[in-house]
Every structure is written in C-alpha cells, then in structure tokens.
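Data file: model35.cif. Format and content: mmCIF, N, CA and C atoms.
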data_target
#
loop_
_atom_site.label_atom_id
_atom_site.label_comp_id
_atom_site.auth_asym_id
_atom_site.auth_seq_id
_atom_site.Cartn_x
_atom_site.Cartn_y
_atom_site.Cartn_z
N GLU A 1 63.16 28.80 10.15
CA GLU A 1 63.52 30.11 9.62
C GLU A 1 62.84 31.17 10.46
N GLU A 2 63.57 32.23 10.79
CA GLU A 2 63.03 33.33 11.58
C GLU A 2 62.31 34.30 10.66
N THR A 3 61.18 34.84 11.10
CA THR A 3 60.45 35.80 10.29
C THR A 3 60.13 37.03 11.11
N PRO A 4 60.25 38.22 10.52
CA PRO A 4 59.93 39.45 11.25
C PRO A 4 58.45 39.50 11.59
N VAL A 5 58.13 40.08 12.74
CA VAL A 5 56.74 40.27 13.16
C VAL A 5 56.57 41.71 13.62
N PRO A 6 55.35 42.25 13.52
CA PRO A 6 55.12 43.63 13.96
C PRO A 6 55.37 43.78 15.45
N PRO A 7 55.80 44.98 15.90
CA PRO A 7 56.02 45.20 17.32
C PRO A 7 54.74 44.98 18.11
N GLY A 8 54.90 44.47 19.31
CA GLY A 8 53.77 44.19 20.15
C GLY A 8 53.15 42.84 19.89
N GLN A 9 53.54 42.20 18.78
CA GLN A 9 53.01 40.88 18.46
C GLN A 9 54.07 39.81 18.60
N GLU A 10 55.25 40.18 19.11
CA GLU A 10 56.29 39.20 19.29
C GLU A 10 55.84 38.21 20.36
N SER A 11 55.92 36.94 20.05
CA SER A 11 55.65 35.95 21.08
C SER A 11 57.01 35.43 21.52
N GLU A 12 57.31 35.59 22.77
CA GLU A 12 58.59 35.17 23.29
C GLU A 12 58.57 33.65 23.44
N PRO A 13 59.11 32.92 22.44
CA PRO A 13 59.13 31.47 22.57
C PRO A 13 60.04 31.07 23.72
N ALA A 14 59.78 29.90 24.26
CA ALA A 14 60.63 29.40 25.34
C ALA A 14 62.05 29.25 24.81
N ILE A 15 63.01 29.68 25.62
CA ILE A 15 64.42 29.54 25.24
C ILE A 15 64.83 28.11 25.58
N PRO A 16 65.38 27.37 24.61
CA PRO A 16 65.85 26.03 24.94
C PRO A 16 66.88 26.09 26.06
N SER A 17 66.80 25.18 27.00
CA SER A 17 67.70 25.17 28.15
C SER A 17 69.16 25.22 27.73
N GLY A 18 69.91 26.14 28.34
CA GLY A 18 71.33 26.27 28.05
C GLY A 18 71.65 27.21 26.91
N TYR A 19 70.65 27.70 26.19
CA TYR A 19 70.85 28.64 25.09
C TYR A 19 70.40 30.03 25.53
N ALA A 20 70.46 31.00 24.63
CA ALA A 20 70.02 32.37 24.89
C ALA A 20 69.19 32.82 23.70
N GLN A 21 68.58 34.00 23.82
CA GLN A 21 67.74 34.52 22.75
C GLN A 21 68.02 36.00 22.54
N LEU A 22 68.10 36.41 21.26
CA LEU A 22 68.19 37.82 20.90
C LEU A 22 66.88 38.21 20.23
N VAL A 23 66.30 39.32 20.64
CA VAL A 23 65.12 39.88 19.99
C VAL A 23 65.57 41.20 19.39
N VAL A 24 65.57 41.29 18.05
CA VAL A 24 66.08 42.46 17.35
C VAL A 24 64.90 43.20 16.72
N HIS A 25 64.81 44.50 16.99
CA HIS A 25 63.71 45.34 16.50
C HIS A 25 64.27 46.49 15.66
N ASN A 26 63.69 46.72 14.48
CA ASN A 26 64.09 47.86 13.65
C ASN A 26 63.32 49.09 14.10
N GLY A 27 63.98 49.97 14.86
CA GLY A 27 63.39 51.21 15.32
C GLY A 27 63.74 52.39 14.42
N PHE A 28 64.23 52.10 13.22
CA PHE A 28 64.66 53.11 12.26
C PHE A 28 63.55 53.27 11.21
N GLN A 29 63.53 54.40 10.50
CA GLN A 29 62.47 54.65 9.53
C GLN A 29 62.72 54.02 8.16
N PHE A 30 63.86 53.33 7.99
CA PHE A 30 64.17 52.66 6.73
C PHE A 30 64.50 51.20 7.00
N GLU A 31 64.50 50.39 5.93
CA GLU A 31 64.85 48.97 6.05
C GLU A 31 66.26 48.83 6.63
N MET A 32 66.43 47.80 7.46
CA MET A 32 67.74 47.50 8.03
C MET A 32 68.02 46.01 7.89
N ARG A 33 69.29 45.67 7.82
CA ARG A 33 69.71 44.28 7.78
C ARG A 33 70.52 43.98 9.04
N PHE A 34 70.13 42.93 9.74
CA PHE A 34 70.86 42.45 10.92
C PHE A 34 71.54 41.15 10.50
N THR A 35 72.87 41.10 10.66
CA THR A 35 73.64 39.92 10.23
C THR A 35 74.28 39.26 11.43
N LEU A 36 74.05 37.96 11.57
CA LEU A 36 74.57 37.17 12.68
C LEU A 36 75.14 35.88 12.12
N ASP A 37 76.44 35.70 12.24
CA ASP A 37 77.13 34.54 11.68
C ASP A 37 76.58 33.23 12.25
N GLN A 38 76.60 32.17 11.45
CA GLN A 38 76.10 30.86 11.84
C GLN A 38 76.78 30.33 13.10
N GLN A 39 78.03 30.68 13.32
CA GLN A 39 78.76 30.16 14.48
C GLN A 39 78.12 30.52 15.82
N PHE A 40 77.25 31.52 15.83
CA PHE A 40 76.60 31.95 17.07
C PHE A 40 75.23 31.31 17.28
N ARG A 41 74.77 30.51 16.29
CA ARG A 41 73.41 29.95 16.34
C ARG A 41 73.45 28.43 16.30
N PRO A 42 72.63 27.76 17.13
CA PRO A 42 72.62 26.30 17.14
C PRO A 42 71.91 25.68 15.94
N GLU A 43 70.97 26.41 15.33
CA GLU A 43 70.24 25.89 14.18
C GLU A 43 70.76 26.54 12.91
N GLU A 44 70.95 25.72 11.87
CA GLU A 44 71.38 26.26 10.59
C GLU A 44 70.26 27.07 9.96
N GLY A 45 70.63 28.10 9.24
CA GLY A 45 69.63 28.94 8.59
C GLY A 45 70.26 30.20 8.06
N VAL A 46 69.41 31.15 7.74
CA VAL A 46 69.89 32.41 7.17
C VAL A 46 70.72 33.16 8.21
N SER A 47 71.67 33.95 7.72
CA SER A 47 72.49 34.78 8.60
C SER A 47 72.10 36.24 8.51
N GLU A 48 71.33 36.61 7.49
CA GLU A 48 70.93 38.00 7.29
C GLU A 48 69.42 38.12 7.43
N TYR A 49 69.01 39.06 8.27
CA TYR A 49 67.60 39.29 8.54
C TYR A 49 67.26 40.70 8.07
N ASP A 50 66.46 40.83 7.01
CA ASP A 50 66.04 42.13 6.51
C ASP A 50 64.78 42.54 7.26
N LEU A 51 64.89 43.64 8.00
CA LEU A 51 63.81 44.11 8.86
C LEU A 51 63.23 45.42 8.33
N GLN A 52 61.96 45.41 8.03
CA GLN A 52 61.27 46.63 7.64
C GLN A 52 61.08 47.48 8.90
N PRO A 53 60.84 48.78 8.76
CA PRO A 53 60.62 49.62 9.94
C PRO A 53 59.52 49.05 10.83
N GLY A 54 59.82 48.98 12.13
CA GLY A 54 58.84 48.52 13.10
C GLY A 54 58.72 47.02 13.25
N THR A 55 59.52 46.22 12.52
CA THR A 55 59.42 44.77 12.65
C THR A 55 60.55 44.23 13.51
N SER A 56 60.35 42.99 14.00
CA SER A 56 61.31 42.35 14.91
C SER A 56 61.55 40.91 14.49
N VAL A 57 62.64 40.36 15.00
CA VAL A 57 62.95 38.94 14.80
C VAL A 57 63.56 38.41 16.10
N SER A 58 63.20 37.16 16.47
CA SER A 58 63.78 36.49 17.63
C SER A 58 64.71 35.40 17.13
N ILE A 59 65.92 35.33 17.71
CA ILE A 59 66.93 34.39 17.25
C ILE A 59 67.51 33.66 18.46
N VAL A 60 67.50 32.33 18.44
CA VAL A 60 68.13 31.53 19.49
C VAL A 60 69.62 31.47 19.19
N VAL A 61 70.45 31.73 20.22
CA VAL A 61 71.90 31.77 20.05
C VAL A 61 72.59 30.96 21.15
N PHE A 62 73.87 30.64 20.91
CA PHE A 62 74.69 30.07 21.96
C PHE A 62 75.01 31.18 22.96
N PRO A 63 75.05 30.89 24.25
CA PRO A 63 75.45 31.93 25.21
C PRO A 63 76.92 32.29 25.01
N GLY A 64 77.30 33.48 25.46
CA GLY A 64 78.68 33.94 25.35
C GLY A 64 78.75 35.24 24.59
N GLN A 65 79.94 35.55 24.07
CA GLN A 65 80.18 36.78 23.32
C GLN A 65 79.62 36.61 21.91
N ILE A 66 78.75 37.54 21.49
CA ILE A 66 78.07 37.50 20.20
C ILE A 66 78.46 38.74 19.40
N ALA A 67 78.98 38.54 18.20
CA ALA A 67 79.30 39.65 17.30
C ALA A 67 78.23 39.72 16.22
N PHE A 68 77.86 40.95 15.82
CA PHE A 68 76.84 41.12 14.79
C PHE A 68 77.13 42.38 13.98
N THR A 69 76.43 42.49 12.85
CA THR A 69 76.52 43.66 11.99
C THR A 69 75.11 44.17 11.72
N ALA A 70 74.95 45.47 11.68
CA ALA A 70 73.69 46.10 11.27
C ALA A 70 74.02 47.03 10.11
N SER A 71 73.14 47.04 9.10
CA SER A 71 73.39 47.89 7.94
C SER A 71 72.05 48.34 7.36
N SER A 72 72.12 49.39 6.54
CA SER A 72 70.93 49.90 5.87
C SER A 72 71.34 50.45 4.51
N PRO A 73 70.51 50.21 3.48
CA PRO A 73 70.82 50.82 2.19
C PRO A 73 70.71 52.34 2.24
N TRP A 74 70.00 52.89 3.25
CA TRP A 74 69.89 54.33 3.39
C TRP A 74 71.26 54.90 3.76
N ASN A 75 71.81 55.72 2.93
CA ASN A 75 73.13 56.34 3.11
C ASN A 75 74.26 55.33 3.27
N GLY A 76 74.03 54.06 2.91
CA GLY A 76 75.09 53.05 2.97
C GLY A 76 75.64 52.83 4.36
N LEU A 77 74.82 52.97 5.38
CA LEU A 77 75.28 52.84 6.76
C LEU A 77 75.52 51.39 7.15
N SER A 78 76.55 51.16 7.96
CA SER A 78 76.76 49.84 8.54
C SER A 78 77.60 50.01 9.81
N GLY A 79 77.45 49.04 10.70
CA GLY A 79 78.20 49.07 11.95
C GLY A 79 78.31 47.68 12.54
N ASN A 80 79.35 47.45 13.30
CA ASN A 80 79.58 46.17 13.97
C ASN A 80 79.55 46.40 15.48
N ALA A 81 79.11 45.40 16.21
CA ALA A 81 79.10 45.49 17.67
C ALA A 81 79.11 44.07 18.24
N GLU A 82 79.31 43.98 19.54
CA GLU A 82 79.29 42.71 20.25
C GLU A 82 78.51 42.87 21.54
N LEU A 83 78.01 41.76 22.05
CA LEU A 83 77.38 41.75 23.36
C LEU A 83 77.61 40.38 23.98
N TYR A 84 77.43 40.30 25.28
CA TYR A 84 77.58 39.05 26.00
C TYR A 84 76.22 38.63 26.52
N VAL A 85 75.83 37.36 26.28
CA VAL A 85 74.56 36.85 26.80
C VAL A 85 74.82 35.61 27.65
N GLU A 86 74.12 35.55 28.76
CA GLU A 86 74.20 34.42 29.68
C GLU A 86 73.27 33.30 29.19
N PRO A 87 73.52 32.06 29.60
CA PRO A 87 72.59 30.98 29.28
C PRO A 87 71.20 31.29 29.83
N ASP A 88 70.17 30.93 29.08
CA ASP A 88 68.76 31.10 29.46
C ASP A 88 68.35 32.57 29.55
N GLN A 89 69.10 33.48 28.96
CA GLN A 89 68.81 34.91 28.97
C GLN A 89 68.21 35.34 27.64
N SER A 90 67.25 36.29 27.68
CA SER A 90 66.72 36.90 26.48
C SER A 90 67.13 38.37 26.50
N ARG A 91 67.73 38.84 25.39
CA ARG A 91 68.17 40.23 25.27
C ARG A 91 67.42 40.87 24.12
N ALA A 92 66.83 42.04 24.35
CA ALA A 92 66.11 42.76 23.32
C ALA A 92 66.99 43.88 22.78
N ARG A 93 66.85 44.17 21.51
CA ARG A 93 67.67 45.18 20.85
C ARG A 93 66.84 45.99 19.89
N GLY A 94 66.88 47.31 20.00
CA GLY A 94 66.23 48.20 19.05
C GLY A 94 67.29 48.89 18.22
N LEU A 95 67.35 48.58 16.93
CA LEU A 95 68.33 49.20 16.03
C LEU A 95 67.77 50.52 15.51
N ARG A 96 68.61 51.55 15.51
CA ARG A 96 68.21 52.82 14.92
C ARG A 96 69.46 53.63 14.58
N VAL A 97 69.25 54.68 13.80
CA VAL A 97 70.34 55.58 13.41
C VAL A 97 70.09 56.93 14.05
N GLU A 98 71.12 57.51 14.65
CA GLU A 98 71.03 58.82 15.30
C GLU A 98 71.73 59.85 14.42
N PRO A 99 71.08 60.99 14.14
CA PRO A 99 71.76 62.04 13.38
C PRO A 99 72.94 62.59 14.17
N GLY A 100 74.03 62.85 13.48
CA GLY A 100 75.22 63.38 14.12
C GLY A 100 75.51 64.79 13.66
N PRO A 101 76.58 65.40 14.19
CA PRO A 101 76.93 66.77 13.80
C PRO A 101 77.32 66.86 12.32
N GLY A 102 76.99 67.97 11.71
CA GLY A 102 77.38 68.21 10.32
C GLY A 102 76.70 67.28 9.32
N GLY A 103 75.55 66.72 9.67
CA GLY A 103 74.84 65.85 8.75
C GLY A 103 75.29 64.40 8.79
N SER A 104 76.27 64.07 9.65
CA SER A 104 76.70 62.68 9.75
C SER A 104 75.67 61.89 10.55
N SER A 105 75.76 60.57 10.47
CA SER A 105 74.84 59.71 11.21
C SER A 105 75.64 58.61 11.87
N LYS A 106 75.09 58.03 12.95
CA LYS A 106 75.75 56.92 13.60
C LYS A 106 74.69 55.93 14.08
N TRP A 107 75.09 54.67 14.17
CA TRP A 107 74.20 53.63 14.67
C TRP A 107 74.07 53.73 16.18
N ASP A 108 72.89 53.43 16.66
CA ASP A 108 72.68 53.22 18.08
C ASP A 108 72.53 51.71 18.21
N LEU A 109 73.56 51.03 18.67
CA LEU A 109 73.56 49.57 18.72
C LEU A 109 73.53 49.02 20.15
N GLY A 110 73.10 49.82 21.10
CA GLY A 110 73.07 49.37 22.49
C GLY A 110 71.96 48.37 22.74
N TRP A 111 72.20 47.43 23.64
CA TRP A 111 71.21 46.42 24.00
C TRP A 111 70.52 46.81 25.27
N GLN A 112 69.28 46.39 25.45
CA GLN A 112 68.52 46.64 26.65
C GLN A 112 68.86 45.59 27.69
#
Could I get this file's structure written as structure tokens?
Amino acid sequence: EETPVPPGQESEPAIPSGYAQLVVHNGFQFEMRFTLDQQFRPEEGVSEYDLQPGTSVSIVVFPGQIAFTASSPWNGLSGNAELYVEPDQSRARGLRVEPGPGGSSKWDLGWQ
C-alpha cells in the first residue's frame, strides 16, 4: 500500500525493471484525491490516494499512456488528464489549483 510522505522525505525506491514510477505531490492548500485505475498498476491495491497539503505518494505503473483523475472537496473541483511514461522512467507531478478569471478555478495537471 502506498502512503503519503512529507515533501523532501520522499525516498525514490528503485523502479522495477521494465516498469515506471509516478511521484504525485499535493501542492494545493486543501486535501486532494489522486485516482489511478488498477489497469495502470502492476500491484493490486487502492486506486484513490488522499493527499493532505504538502504530502506525496510514489506509485509503480506500467509504462505507456496513463490516465488519471485529480479532485478536491474544496469547491467540488475535479479534472482528468493523461501522460505517457517510458519504461524505467520516474515522473514527478505537483497537483494544484490556479485561480481563474471571474472567481473560477482550474487544475494545473502538468507533469515535470
């Protein structure tokens, strides 16, 4: 089971050969949920990761196109996105919400 850890304390575990790794960080001031379907992960387990502000989770995934959802109970925000990861690659992601015009908000779901 994956568990959130404070920023700066993430230990980058070795990526099993032929797989990839996602490191997801909550850079938002409210709790966020990162959802990743089981089909993208080699090990069975939870699909929803509740991240408190400033916490991170590392997830081993199959390489290829990965779809995910990010959501927050704050203002009922949610968004979907995809990314492509190569075998033996680690990709870091900082989730946050950006204020938009007229009081609207949008997710910043870009990967590093």
Could you build a table of the residues in segment 30-54 of chain A lying no more than 7 Å from segment 67-87 of chain A, giving for each the nearest pair of atoms and their separation in Å rounded to one decimal place, using only N, CA and C atoms, ordered by chain and ascending residue number, as a Markdown table?
| residue | atom | partner | partner_atom | distance |
| --- | --- | --- | --- | --- |
| A:Phe30 | C | A:Ser72 | CA | 6.7 |
| A:Glu31 | C | A:Ser72 | CA | 4.9 |
| A:Met32 | CA | A:Ser71 | C | 4.4 |
| A:Arg33 | N | A:Ser71 | C | 3.9 |
| A:Phe34 | CA | A:Ala70 | CA | 4.6 |
| A:Thr35 | N | A:Thr69 | C | 3.9 |
| A:Leu36 | CA | A:Phe68 | CA | 5.0 |
| A:Asp37 | N | A:Ala67 | C | 5.9 |
Residue subset to file, keeping N, CA and C atoms, as a tab-separated table (two decimals), in the coordinates of the input:
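Once written, again10.tsv looks like this:
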chain	number	residue	atom	x	y	z
A	30	PHE	N	63.86	53.33	7.99
A	30	PHE	CA	64.17	52.66	6.73
A	30	PHE	C	64.50	51.20	7.00
A	31	GLU	N	64.50	50.39	5.93
A	31	GLU	CA	64.85	48.97	6.05
A	31	GLU	C	66.26	48.83	6.63
A	32	MET	N	66.43	47.80	7.46
A	32	MET	CA	67.74	47.50	8.03
A	32	MET	C	68.02	46.01	7.89
A	33	ARG	N	69.29	45.67	7.82
A	33	ARG	CA	69.71	44.28	7.78
A	33	ARG	C	70.52	43.98	9.04
A	34	PHE	N	70.13	42.93	9.74
A	34	PHE	CA	70.86	42.45	10.92
A	34	PHE	C	71.54	41.15	10.50
A	35	THR	N	72.87	41.10	10.66
A	35	THR	CA	73.64	39.92	10.23
A	35	THR	C	74.28	39.26	11.43
A	36	LEU	N	74.05	37.96	11.57
A	36	LEU	CA	74.57	37.17	12.68
A	36	LEU	C	75.14	35.88	12.12
A	37	ASP	N	76.44	35.70	12.24
A	37	ASP	CA	77.13	34.54	11.68
A	37	ASP	C	76.58	33.23	12.25
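Close contacts of Ser90 of chain A, defined as residues with an atom at most 8 Å away when counting all atoms listed in the file, with chain neighbours fewer than 3 positions off set aside, comprise Ile15, Tyr19, Ala20, Gln21, Leu22, Val23, Val85, Glu86, Pro87, Arg93 and Gln112 of chain A.
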Report as a PDB file with N, CA and C atoms, in the frame of the given file the residues that result from applying the PyMOL selection byres ((chain A and resi 28) around 6) to the structure here.
ATOM      1  N   ASN A  26      63.690  46.720  14.480  1.00  0.00           N
ATOM      2  CA  ASN A  26      64.090  47.860  13.650  1.00  0.00           C
ATOM      3  C   ASN A  26      63.320  49.090  14.100  1.00  0.00           C
ATOM      4  N   GLY A  27      63.980  49.970  14.860  1.00  0.00           N
ATOM      5  CA  GLY A  27      63.390  51.210  15.320  1.00  0.00           C
ATOM      6  C   GLY A  27      63.740  52.390  14.420  1.00  0.00           C
ATOM      7  N   GLN A  29      63.530  54.400  10.500  1.00  0.00           N
ATOM      8  CA  GLN A  29      62.470  54.650   9.530  1.00  0.00           C
ATOM      9  C   GLN A  29      62.720  54.020   8.160  1.00  0.00           C
ATOM     10  N   PHE A  30      63.860  53.330   7.990  1.00  0.00           N
ATOM     11  CA  PHE A  30      64.170  52.660   6.730  1.00  0.00           C
ATOM     12  C   PHE A  30      64.500  51.200   7.000  1.00  0.00           C
ATOM     13  N   PRO A  53      60.840  48.780   8.760  1.00  0.00           N
ATOM     14  CA  PRO A  53      60.620  49.620   9.940  1.00  0.00           C
ATOM     15  C   PRO A  53      59.520  49.050  10.830  1.00  0.00           C
ATOM     16  N   GLY A  54      59.820  48.980  12.130  1.00  0.00           N
ATOM     17  CA  GLY A  54      58.840  48.520  13.100  1.00  0.00           C
ATOM     18  C   GLY A  54      58.720  47.020  13.250  1.00  0.00           C
ATOM     19  N   LEU A  95      67.350  48.580  16.930  1.00  0.00           N
ATOM     20  CA  LEU A  95      68.330  49.200  16.030  1.00  0.00           C
ATOM     21  C   LEU A  95      67.770  50.520  15.510  1.00  0.00           C
ATOM     22  N   ARG A  96      68.610  51.550  15.510  1.00  0.00           N
ATOM     23  CA  ARG A  96      68.210  52.820  14.920  1.00  0.00           C
ATOM     24  C   ARG A  96      69.460  53.630  14.580  1.00  0.00           C
ATOM     25  N   VAL A  97      69.250  54.680  13.800  1.00  0.00           N
ATOM     26  CA  VAL A  97      70.340  55.580  13.410  1.00  0.00           C
ATOM     27  C   VAL A  97      70.090  56.930  14.050  1.00  0.00           C
TER      28      VAL A  97
END
Starting from the displayed file, determine the output of the PyMOL selection byres ((chain A and resi 46) around 8) and express the residue list as a PDB file with N, CA and C atoms, keeping the file's coordinate frame.
ATOM      1  N   GLU A   1      63.160  28.800  10.150  1.00  0.00           N
ATOM      2  CA  GLU A   1      63.520  30.110   9.620  1.00  0.00           C
ATOM      3  C   GLU A   1      62.840  31.170  10.460  1.00  0.00           C
ATOM      4  N   GLU A   2      63.570  32.230  10.790  1.00  0.00           N
ATOM      5  CA  GLU A   2      63.030  33.330  11.580  1.00  0.00           C
ATOM      6  C   GLU A   2      62.310  34.300  10.660  1.00  0.00           C
ATOM      7  N   THR A  35      72.870  41.100  10.660  1.00  0.00           N
ATOM      8  CA  THR A  35      73.640  39.920  10.230  1.00  0.00           C
ATOM      9  C   THR A  35      74.280  39.260  11.430  1.00  0.00           C
ATOM     10  N   LEU A  36      74.050  37.960  11.570  1.00  0.00           N
ATOM     11  CA  LEU A  36      74.570  37.170  12.680  1.00  0.00           C
ATOM     12  C   LEU A  36      75.140  35.880  12.120  1.00  0.00           C
ATOM     13  N   ASP A  37      76.440  35.700  12.240  1.00  0.00           N
ATOM     14  CA  ASP A  37      77.130  34.540  11.680  1.00  0.00           C
ATOM     15  C   ASP A  37      76.580  33.230  12.250  1.00  0.00           C
ATOM     16  N   GLN A  38      76.600  32.170  11.450  1.00  0.00           N
ATOM     17  CA  GLN A  38      76.100  30.860  11.840  1.00  0.00           C
ATOM     18  C   GLN A  38      76.780  30.330  13.100  1.00  0.00           C
ATOM     19  N   GLU A  43      70.970  26.410  15.330  1.00  0.00           N
ATOM     20  CA  GLU A  43      70.240  25.890  14.180  1.00  0.00           C
ATOM     21  C   GLU A  43      70.760  26.540  12.910  1.00  0.00           C
ATOM     22  N   GLU A  44      70.950  25.720  11.870  1.00  0.00           N
ATOM     23  CA  GLU A  44      71.380  26.260  10.590  1.00  0.00           C
ATOM     24  C   GLU A  44      70.260  27.070   9.960  1.00  0.00           C
ATOM     25  N   GLY A  45      70.630  28.100   9.240  1.00  0.00           N
ATOM     26  CA  GLY A  45      69.630  28.940   8.590  1.00  0.00           C
ATOM     27  C   GLY A  45      70.260  30.200   8.060  1.00  0.00           C
ATOM     28  N   SER A  47      71.670  33.950   7.720  1.00  0.00           N
ATOM     29  CA  SER A  47      72.490  34.780   8.600  1.00  0.00           C
ATOM     30  C   SER A  47      72.100  36.240   8.510  1.00  0.00           C
ATOM     31  N   GLU A  48      71.330  36.610   7.490  1.00  0.00           N
ATOM     32  CA  GLU A  48      70.930  38.000   7.290  1.00  0.00           C
ATOM     33  C   GLU A  48      69.420  38.120   7.430  1.00  0.00           C
ATOM     34  N   TYR A  49      69.010  39.060   8.270  1.00  0.00           N
ATOM     35  CA  TYR A  49      67.600  39.290   8.540  1.00  0.00           C
ATOM     36  C   TYR A  49      67.260  40.700   8.070  1.00  0.00           C
TER      37      TYR A  49
END
Enclose all atoms of segment 46-54 of chain A listed in the file in an axis-aligned box, grow every side by 3 Å, and hand back centre and edge lengths in Å to one decimal, as JSON.
{"center_x": 65.6, "center_y": 40.4, "center_z": 9.9, "size_x": 19.8, "size_y": 24.5, "size_z": 12.7}
Q | Atom-to-atom span, atom CA of Ile66 of chain A and atom CA of Arg41 of chain A, Å | A | 9.7 Å
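In this model, the gap between atom CA of Phe40 of chain A and atom CA of Gln65 of chain A comes to 8.7 Å.
Between atom C of Gln52 of chain A and atom C of Pro16 of chain A the interatomic distance comes to 28.0 Å.
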